[in-house]
There are 2 protein chains.
Amino acid sequence: MARNITPRKENYSQWYLDVIKAAELADYAPVRGCMVIRPTGFAIWENIKQKLDTEFKNTGHVNAYFPVLIPNSFLQKEAEHIEGFAPECAVVTHAGGEELEEPFIVRPTSETIIGHMYSKWVQSWRDLPVLINQWCNVMRWEKRPRLFLRTSEFLWQEGHTAHETEKEAREETLKMLAIYKHVFEDELAIPVLDGEKTAGERFPGAVDTYTCEAMMSDTKALQAGTSHFLGQNFAKAFEIQYQDREGNLQYCFTTSWGVSTRSVGALIMTHSDDDGLIIPPRIAPTKIVILPISKDESTAENILLPKAKELAEKLNNSLGGLCVKIDDNFHMRPADRFFIHLQKGVPLRLELGEKDLNAGTVRFVRRDTGEKIDVKFENAIHEAANILDDIQNNLFKRAKDFREANTHEAGSYDELKKILAEKGGFVKAFFAGTPEDEIKIREETGGATPRCVLSHEGSGKCIITGKPEGRMTVFAKAY
Amino acid sequence: MARNITPRKENYSQWYLDVIKAAELADYAPVRGCMVIRPTGFAIWENIKQKLDTEFKNTGHVNAYFPVLIPNSFLQKEAEHIEGFAPECAVVTHAGGEELEEPFIVRPTSETIIGHMYSKWVQSWRDLPVLINQWCNVMRWEKRPRLFLRTSEFLWQEGHTAHETEKEAREETLKMLAIYKHVFEDELAIPVLDGEKTAGERFPGAVDTYTCEAMMSDTKALQAGTSHFLGQNFAKAFEIQYQDREGNLQYCFTTSWGVSTRSVGALIMTHSDDDGLIIPPRIAPTKIVILPISKDESTAENILLPKAKELAEKLNNSLGGLCVKIDDNFHMRPADRFFIHLQKGVPLRLELGEKDLNAGTVRFVRRDTGEKIDVKFENAIHEAANILDDIQNNLFKRAKDFREANTHEAGSYDELKKILAEKGGFVKAFFAGTPEDEIKIREETGGATPRCVLSHEGSGKCIITGKPEGRMTVFAKAY
C-alpha cells in the first residue's frame, strides 16, 4: 500500500489533511467552506459529546433546542455582539416561495434568541438559575476553511445560564471551564492551560472570557473550549428580569460556554504521527481491532475467525459497548491490513495467527509506541484493559512533556519576539497591555496573540507597558 | 391552582396546545413557524433518540453529518423530488457579507447532498452496503404551524443506505420499518399499523414508501415514521455507481428512512388526558417523583426529606440513570404540588407523609389510572419497577383498544363516506385506485386519505374502481 501521508516536518498542513483523509474522518462538502463529517470522525465527536453531556447533566444542566434562524433585529441588540459576528453571517432572505419581510440569520451562536426566550420564562427568583445547554449546528462563513478547525458550518454545544447574583454566575463560568479541562485532559488526553482571555480576545459581548488552550504538535496553540461571564449585558439587551426575594425587579447575570467539533481537530493534531491518526482509548470508537491472520484463507475463516469472535465478545463485555472490531479482510495482505488500522488510529491491535493459537497466546501491538506484547490467551481480556489504560496515560504524558519542552519565558518584549521567531511554542510573559498592544504584538511577531492569562502565577512588570500589574500571560501563534 | 387545560371534547386542538404549555414541552419561537423545544420536551426527544440510535447501531448503521446547506442545483436533479419540496424551501442568498453566486437551500431532507457524497465514496461492491444515519435539523416552511406536528424547523434522523441489489435494499427498507414499529410500540406504547403507502402518498422520488400509522385520541391518524425504497432513482440522478463482482459498472439501490420530533406530538396525543400529559415510563425523563409532605416545614425538611433522598438514590440505582426526582417545594400546598406533576405526566408519584413514615409505608399514585397503592417501605424499590411496567403495558393496551374500537370496515364507497362522516376513525376498505382517485376521496370526505396498505389482509374488490385487485387500505383524516 502506498505511503499516502506527508511527513509533518515536510508540510504540517498537508500532513493534517492527509491524516484526515487516510482515516476517513471528514471531506470537504460541495458547499463552500462546509464539511461532511464521515462516520469515523463523527463517532469520535459522539464520544466527546457523550462525555461532556454526562458532566453537564451531573451538574444539574438540561438540554433544549432553539431555532436555527435568528431574526436580524435580535443580533443588533447587543452592540459588540453584532460587530463581532456580522461579517460571518449567512442570511435567509426567501422562504416558502416568498421574499421575507425581515431576513433571518443562520445562528452563529444563540445568546440572542435564547436571551429572548429567557425573558419570557424567568419571572421570579424561584425560576433561577436557568441551566440550559444546546447541541446544534452553527454557521460562521469562513474565507479560509480548514477541516474541523474552521468550517462555515460546525457542530457544538452552547450552554446558556441565568443567575440571581454575579457571584453565582461567575462560579458557573469557572465550573464549566473546569469541566472542559477535565474532559480534555482525562478523556481526550489533551493537556490544556486554563485561564482568562485578555480584553482583545474576549467573546463579543462578554465581560470576561475563560479558555482552555492546548498545544498542537507543531507547537501552535488551539483554543479548545471557552466559558464566558456575560455580566448583565445580554440580560439588559433582552430584558431578562426577575423579581428578587425582596420583591424588586432585577436583571439576571448570564453565562455562556461552548466546545465544538474543533476539538476533533485538536485531538488529531495533539496525538497523531507520520503514520496517521492516533486516538486515545477513552475516546476511540474502536478501541481494539482483532486480526485473524493466516496464509490459508480457510484456516483463517474456520479456525481463527471463531476464536476472534469469542475474544471480541468477551472484550466488548468487559470494556463496554461495541468497541472491539474484527478485521476479516482475508483477501488483503496482512501488511496492508495493519496499515489501515495504523492510519485509522485504533489504539490497540490484537493479532491472532496460527502460531499464536498453537502457543496459546495472542499478540497485542500498541498504536502509540509500536510495542508488541505477547499474552496468554486466558489473560488477554484482563491485559487488554491494562494496556489501554497505559496507552491513555502515555498519550497524555507525551503531550504534556511536549508542551513543557516547548514553553518558554520571556523577560522582555525583545526576548518574546526572539523566542517566537526562533523556537515558536508557548511564551510566558507578564502583560498588562491594551487590545491595541495586542494588535501590535500580533503584527510584530507574525501572528502571535495572548492565548491565556495564568492568574495563579502572580504578577510582574509588563513587557510592553512596564506597568507593575502585568499578569502572567501565554503568547503563541494559534489555529 | 387554576384549571388551565381545555377538555378534549370542548376543543381538541386547544387541549393539545394547553397540555404542551402546562407541561412546558415547547413554545412558539419568534421565528415564524419555528418552535423552541423546552427542556422537558427535549428530554423526551432525547430518550426517543437514544432508543432508536441503539437499534440503528445494533443493526450495523453508523452516524455521520452532512451540511445543512444544499446547492439549489442538487435539488433539481431528481424531478419528482424538487417538485415535492420546492414550495417549502428556505433559501440562503447572502453570506459573509456578499451575495452568493448560487443560492443554497436549508436542507428539507438530505437525499441529494448525501447522494452526491456517496457517488465519491462508493467505487466497488466491497464498499457496499453503506449504512449511514444522520441526526439533524431540517427546514420545511410551514404556512399553518403546529407545535411538534408541523413546524418550519424540526429535528429528525434520516437514514440513507446504498446497496448492491434491489433485494438487499428492499430488505433494509422493511428492516427499518420493523425497528420503527418496535420502538413505537414497545418504548413509546403507541400501537402502529405498518404497511405500504399508496402512490399518491409516496415520498417524492421514492419507488415505494412504507409507513407506521398511529391513531390519536381524537381518532385521527398520524404518520409516525416512514421508510422508502428509492430504487435507482437517486443513484442515477447522482451517479452512485460501483464495480460489481464481475467488473461491470452498476447503479446502487438506495433507501432512506426517518422519524422526527413529530413523534413527541404523537406521544402527547396518544396517551394524555384532560388533566394533562401522560408519558409512558420507558420514555419518561422523570419516571417517579417523590413528594415528602408535612404541614410542618421543619418535619418535611429534617425528617422526610432525608428519607426521600435515601429512596431516590435506591430507585435511581435500581431503575438506572437520574429518573427519580424529589419535589421539595414545601412552600406550596400539597394539592398544587400534585397538580404540577399530574400535568407534567410523571408516570408515578411517591408520597411520603408523616403518617406513612410512622406506619412504615409509602404511597404510590399512578398517573394513568389515579390508583393509590400503599406499599411497605422495604418493598418500595421492587414494587416501583413492577408498577412502572404495569403502567407501560396499560398505556399500550388502552391505546390499542381505543384504535380497535375506532376502526371500521367499509364494503362500498358510500359506506366509507358514511362511516367517516358519522364516526371518524380508521376505515378499512379494498382499494386499487389511482392518485386521482385518492384526491377525489379526500375532497368528497372532507380530508380522508389512504394512510396505509395492509398487504397481509389479502385483496378484494376495489370500492372505487370495482377492480378485483384492491388491497386492504386504511382511510382516515390525518395530521
# chains A, B, ... in the order shown; residues from 1 in each chain; ligands from 1
$ closest_atom_pairs --of "chain B" --to "chain A" --cutoff "9 Å" --atoms "only C-alpha atoms" --output "CSV"
residue,atom,partner,partner_atom,distance
B:Asp27,CA,A:Met117,CA,8.9
B:Ala29,CA,A:Pro67,CA,7.2
B:Pro30,CA,A:Pro71,CA,7.7
B:Val31,CA,A:Pro71,CA,6.8
B:Cys34,CA,A:Pro67,CA,6.4
B:Met35,CA,A:Pro67,CA,6.6
B:Val36,CA,A:Phe66,CA,4.8
B:Ile37,CA,A:Tyr65,CA,4.9
B:Arg38,CA,A:Ala64,CA,5.2
B:Pro39,CA,A:Ala64,CA,4.7
B:Thr40,CA,A:Ala64,CA,8.0
B:Gly41,CA,A:Ala64,CA,7.8
B:Phe42,CA,A:Ala64,CA,5.3
B:Ala43,CA,A:Asn63,CA,7.0
B:Glu46,CA,A:Asn63,CA,8.8
B:Asn58,CA,A:Leu322,CA,8.9
B:Val62,CA,A:Pro39,CA,6.0
B:Asn63,CA,A:Pro39,CA,5.5
B:Ala64,CA,A:Pro39,CA,4.7
B:Tyr65,CA,A:Ile37,CA,4.9
B:Phe66,CA,A:Val36,CA,4.7
B:Pro67,CA,A:Val36,CA,6.3
B:Val68,CA,A:Glu153,CA,7.8
B:Leu69,CA,A:Val31,CA,7.0
B:Ile70,CA,A:Val31,CA,7.0
B:Pro71,CA,A:Val31,CA,6.8
B:Ala86,CA,A:Gly97,CA,7.8
B:Pro87,CA,A:Gly96,CA,5.3
B:Glu88,CA,A:Gly96,CA,4.7
B:Cys89,CA,A:Gly96,CA,5.5
B:Ala90,CA,A:Ala95,CA,4.0
B:Val91,CA,A:His94,CA,5.2
B:Val92,CA,A:Val92,CA,4.2
B:Thr93,CA,A:Val92,CA,6.3
B:His94,CA,A:Val91,CA,5.2
B:Ala95,CA,A:Ala90,CA,4.0
B:Gly96,CA,A:Glu88,CA,4.6
B:Gly97,CA,A:Pro87,CA,5.7
B:Phe104,CA,A:Val31,CA,8.4
B:Val106,CA,A:Val92,CA,8.7
B:Ile113,CA,A:Pro30,CA,8.1
B:His116,CA,A:Pro30,CA,8.5
B:Met117,CA,A:Ala29,CA,8.0
B:Ile132,CA,A:Pro39,CA,7.6
B:Cys136,CA,A:Cys136,CA,8.0
B:Asn137,CA,A:Val68,CA,8.2
B:Arg140,CA,A:Gly96,CA,8.0
B:Trp141,CA,A:Gly96,CA,5.3
B:Glu142,CA,A:Gly96,CA,7.5
B:Lys143,CA,A:Gly96,CA,8.1
B:Glu153,CA,A:Pro67,CA,7.2
B:Phe154,CA,A:Pro67,CA,8.8
B:Leu322,CA,A:Asn58,CA,8.9
$ residues_around --residues "Ser298 in chain A" --least-positions-apart "4" --cutoff "12 Å" --atoms "only C-alpha atoms" --output "short mmCIF file (atom, residue, chain, number, x, y, z; two decimals) with all heavy atoms, in the first residue's frame"
data_model
loop_
_atom_site.label_atom_id
_atom_site.label_comp_id
_atom_site.auth_asym_id
_atom_site.auth_seq_id
_atom_site.Cartn_x
_atom_site.Cartn_y
_atom_site.Cartn_z
N PRO A 292 -7.48 -11.88 12.69
CA PRO A 292 -7.10 -13.27 12.47
C PRO A 292 -6.23 -13.30 11.21
O PRO A 292 -6.60 -12.74 10.18
CB PRO A 292 -8.44 -13.97 12.22
CG PRO A 292 -9.50 -12.94 12.47
CD PRO A 292 -8.87 -11.61 12.35
N ILE A 293 -5.05 -13.94 11.29
CA ILE A 293 -4.10 -13.91 10.18
C ILE A 293 -3.62 -15.32 9.84
O ILE A 293 -3.08 -16.02 10.69
CB ILE A 293 -2.87 -13.05 10.53
CG1 ILE A 293 -3.31 -11.60 10.79
CG2 ILE A 293 -1.84 -13.08 9.40
CD1 ILE A 293 -2.28 -10.81 11.55
N SER A 294 -3.82 -15.68 8.60
CA SER A 294 -3.27 -16.95 8.12
C SER A 294 -3.07 -16.86 6.62
O SER A 294 -3.84 -16.17 5.93
CB SER A 294 -4.22 -18.09 8.46
OG SER A 294 -3.84 -19.26 7.78
N ASN A 302 -12.22 -20.55 9.24
CA ASN A 302 -12.86 -21.62 10.01
C ASN A 302 -12.26 -21.86 11.40
O ASN A 302 -12.93 -22.36 12.28
CB ASN A 302 -12.83 -22.93 9.21
CG ASN A 302 -13.54 -22.77 7.88
OD1 ASN A 302 -14.58 -22.10 7.82
ND2 ASN A 302 -12.96 -23.29 6.82
N ILE A 303 -11.00 -21.53 11.55
CA ILE A 303 -10.38 -21.77 12.86
C ILE A 303 -10.15 -20.47 13.62
O ILE A 303 -10.53 -20.32 14.77
CB ILE A 303 -9.05 -22.55 12.70
CG1 ILE A 303 -9.36 -23.92 12.06
CG2 ILE A 303 -8.36 -22.73 14.05
CD1 ILE A 303 -8.15 -24.71 11.70
N LEU A 304 -9.53 -19.48 12.94
CA LEU A 304 -9.15 -18.26 13.64
C LEU A 304 -10.34 -17.31 13.85
O LEU A 304 -10.47 -16.70 14.91
CB LEU A 304 -8.03 -17.54 12.87
CG LEU A 304 -6.73 -18.35 12.75
CD1 LEU A 304 -5.73 -17.62 11.85
CD2 LEU A 304 -6.11 -18.58 14.13
N LEU A 305 -11.18 -17.22 12.83
CA LEU A 305 -12.30 -16.28 12.94
C LEU A 305 -13.23 -16.59 14.12
O LEU A 305 -13.59 -15.68 14.88
CB LEU A 305 -13.08 -16.23 11.61
CG LEU A 305 -14.13 -15.13 11.48
CD1 LEU A 305 -13.51 -13.74 11.69
CD2 LEU A 305 -14.81 -15.18 10.10
N PRO A 306 -13.62 -17.87 14.32
CA PRO A 306 -14.47 -18.16 15.50
C PRO A 306 -13.79 -17.77 16.82
O PRO A 306 -14.44 -17.28 17.73
CB PRO A 306 -14.67 -19.68 15.42
CG PRO A 306 -14.40 -20.04 14.01
CD PRO A 306 -13.39 -19.06 13.50
N ASP A 328 -11.85 -8.98 8.99
CA ASP A 328 -11.86 -10.27 8.28
C ASP A 328 -11.60 -10.07 6.78
O ASP A 328 -12.11 -10.81 5.94
CB ASP A 328 -13.17 -11.02 8.53
CG ASP A 328 -14.39 -10.21 8.09
OD1 ASP A 328 -14.20 -9.07 7.60
OD2 ASP A 328 -15.52 -10.72 8.23
N PHE A 330 -9.71 -11.06 4.57
CA PHE A 330 -8.71 -12.09 4.27
C PHE A 330 -8.19 -11.99 2.84
O PHE A 330 -7.16 -12.58 2.52
CB PHE A 330 -9.31 -13.49 4.52
CG PHE A 330 -9.77 -13.66 5.94
CD1 PHE A 330 -11.04 -14.16 6.21
CD2 PHE A 330 -8.94 -13.32 7.01
CE1 PHE A 330 -11.47 -14.32 7.51
CE2 PHE A 330 -9.37 -13.48 8.31
CZ PHE A 330 -10.64 -13.98 8.56
N HIS A 331 -8.90 -11.23 1.99
CA HIS A 331 -8.42 -11.09 0.61
C HIS A 331 -7.23 -10.12 0.53
O HIS A 331 -6.60 -10.00 -0.49
CB HIS A 331 -9.55 -10.61 -0.29
CG HIS A 331 -10.03 -9.23 0.05
ND1 HIS A 331 -10.82 -8.97 1.15
CD2 HIS A 331 -9.82 -8.03 -0.54
CE1 HIS A 331 -11.09 -7.67 1.21
NE2 HIS A 331 -10.49 -7.08 0.22
N GLU A 354 -1.93 -18.47 13.43
CA GLU A 354 -1.92 -19.92 13.74
C GLU A 354 -0.90 -20.21 14.82
O GLU A 354 -1.14 -20.96 15.75
CB GLU A 354 -1.55 -20.71 12.49
CG GLU A 354 -2.74 -20.95 11.58
CD GLU A 354 -2.26 -21.40 10.22
OE1 GLU A 354 -1.83 -20.52 9.44
OE2 GLU A 354 -2.30 -22.60 9.96
#
$ select_by_dssp --residues "range 268-364 of chain A" --states "helix (DSSP H, G or I)" --output "JSON, numbers by chain"
{"A": [268, 269, 270, 271, 281, 282, 283, 297, 298, 299, 300, 301, 302, 303, 304, 305, 306, 307, 308, 309, 310, 311, 312, 313, 314, 315, 316, 317, 318, 319, 334, 335, 336, 337, 338, 339, 340, 341, 342, 343, 344, 354, 355, 356, 357, 358, 359]}
$ select_by_dssp --residues "range 264-294 of chain B" --states "strand (DSSP E or B)" --output "JSON, numbers by chain"
{"B": [273, 276, 288, 289, 290, 291, 292, 293]}
$ closest_residue --among "B:His81, B:Lys21, B:Arg170, B:Lys440" --to "Trp121 in chain A" --atoms "only C-alpha atoms"
B:Lys21
$ closest_residue --among "A:Gln241, A:Thr161, A:Gln223, A:Thr255" --to "Val207 in chain A" --atoms "only C-alpha atoms"
A:Thr255
$ closest_residue --among "A:Glu301, A:Asp275, A:Glu383, A:Asp186" --to "Leu315 in chain A" --atoms "only C-alpha atoms"
A:Glu383
$ closest_residue --among "A:Ala266, A:Ala380, A:Leu230, A:Ile441" --to "Val192 in chain A" --atoms "only C-alpha atoms"
A:Ala266
$ atom_distance --atom1 "CA of Leu174 in chain A" --atom2 "CA of His228 in chain A"
8.8 Å
$ closest_residue --among "B:Glu422, B:Asp218, B:Glu80, B:Glu164" --to "Tyr16 in chain B" --atoms "only C-alpha atoms"
B:Asp218
$ atom_distance --atom1 "CA of Asp401 in chain B" --atom2 "CA of Pro191 in chain B"
9.5 Å
$ closest_residue --among "B:Gly360, B:Gly195, B:Pro129, B:Gly258" --to "Val453 in chain B" --atoms "only C-alpha atoms"
B:Gly195
$ atom_distance --atom1 "CA of Glu297 in chain B" --atom2 "CA of Arg245 in chain A"
19.0 Å
$ residues_around --residues "Phe426 in chain B" --least-positions-apart "2" --cutoff "7 Å" --atoms "only C-alpha atoms" --output "list of chain:residue names"
B:Asn406, B:Thr407, B:His408, B:Gly424, B:Lys428, B:Val474, B:Phe475, B:Ala476
$ decode --residues "range 216-264 of chain B" --atoms "C-alpha atoms" --output "mmCIF file, in the first residue's frame"
data_model
loop_
_atom_site.group_PDB
_atom_site.id
_atom_site.type_symbol
_atom_site.label_atom_id
_atom_site.label_comp_id
_atom_site.auth_asym_id
_atom_site.auth_seq_id
_atom_site.Cartn_x
_atom_site.Cartn_y
_atom_site.Cartn_z
ATOM 1 C CA MET B 216 -54.514 9.848 18.038
ATOM 2 C CA SER B 217 -57.110 10.169 20.801
ATOM 3 C CA ASP B 218 -59.428 12.188 18.523
ATOM 4 C CA THR B 219 -59.363 9.155 16.150
ATOM 5 C CA LYS B 220 -57.325 10.985 13.507
ATOM 6 C CA ALA B 221 -54.246 9.319 12.022
ATOM 7 C CA LEU B 222 -50.650 10.426 12.429
ATOM 8 C CA GLN B 223 -47.782 9.219 10.261
ATOM 9 C CA ALA B 224 -45.123 8.463 12.838
ATOM 10 C CA GLY B 225 -42.256 7.207 10.687
ATOM 11 C CA THR B 226 -41.564 6.340 7.060
ATOM 12 C CA SER B 227 -39.114 4.110 5.218
ATOM 13 C CA HIS B 228 -38.518 4.496 1.486
ATOM 14 C CA PHE B 229 -37.233 2.146 -1.167
ATOM 15 C CA LEU B 230 -35.761 4.604 -3.669
ATOM 16 C CA GLY B 231 -34.825 2.065 -6.351
ATOM 17 C CA GLN B 232 -32.116 3.525 -8.582
ATOM 18 C CA ASN B 233 -33.761 6.968 -8.861
ATOM 19 C CA PHE B 234 -31.267 8.854 -6.721
ATOM 20 C CA ALA B 235 -28.362 6.603 -7.741
ATOM 21 C CA LYS B 236 -28.982 7.630 -11.351
ATOM 22 C CA ALA B 237 -29.518 11.311 -10.541
ATOM 23 C CA PHE B 238 -26.263 11.445 -8.527
ATOM 24 C CA GLU B 239 -24.280 8.717 -10.306
ATOM 25 C CA ILE B 240 -23.809 6.424 -7.327
ATOM 26 C CA GLN B 241 -22.103 3.632 -9.247
ATOM 27 C CA TYR B 242 -19.976 0.675 -8.292
ATOM 28 C CA GLN B 243 -17.974 -2.014 -9.996
ATOM 29 C CA ASP B 244 -19.780 -5.290 -9.372
ATOM 30 C CA ARG B 245 -18.237 -8.691 -8.621
ATOM 31 C CA GLU B 246 -17.861 -9.301 -12.370
ATOM 32 C CA GLY B 247 -16.192 -5.933 -13.020
ATOM 33 C CA ASN B 248 -19.219 -4.200 -14.564
ATOM 34 C CA LEU B 249 -20.323 -0.699 -13.613
ATOM 35 C CA GLN B 250 -23.724 -0.722 -11.879
ATOM 36 C CA TYR B 251 -26.023 1.759 -10.186
ATOM 37 C CA CYS B 252 -26.715 1.182 -6.499
ATOM 38 C CA PHE B 253 -30.147 0.709 -4.998
ATOM 39 C CA THR B 254 -30.785 3.167 -2.185
ATOM 40 C CA THR B 255 -33.170 3.632 0.730
ATOM 41 C CA SER B 256 -33.993 6.407 3.163
ATOM 42 C CA TRP B 257 -35.999 6.405 6.385
ATOM 43 C CA GLY B 258 -36.871 8.927 9.051
ATOM 44 C CA VAL B 259 -38.511 9.689 12.360
ATOM 45 C CA SER B 260 -38.843 13.250 13.623
ATOM 46 C CA THR B 261 -39.881 15.348 16.615
ATOM 47 C CA ARG B 262 -43.436 14.719 15.339
ATOM 48 C CA SER B 263 -43.174 11.551 17.380
ATOM 49 C CA VAL B 264 -43.343 13.716 20.520
#
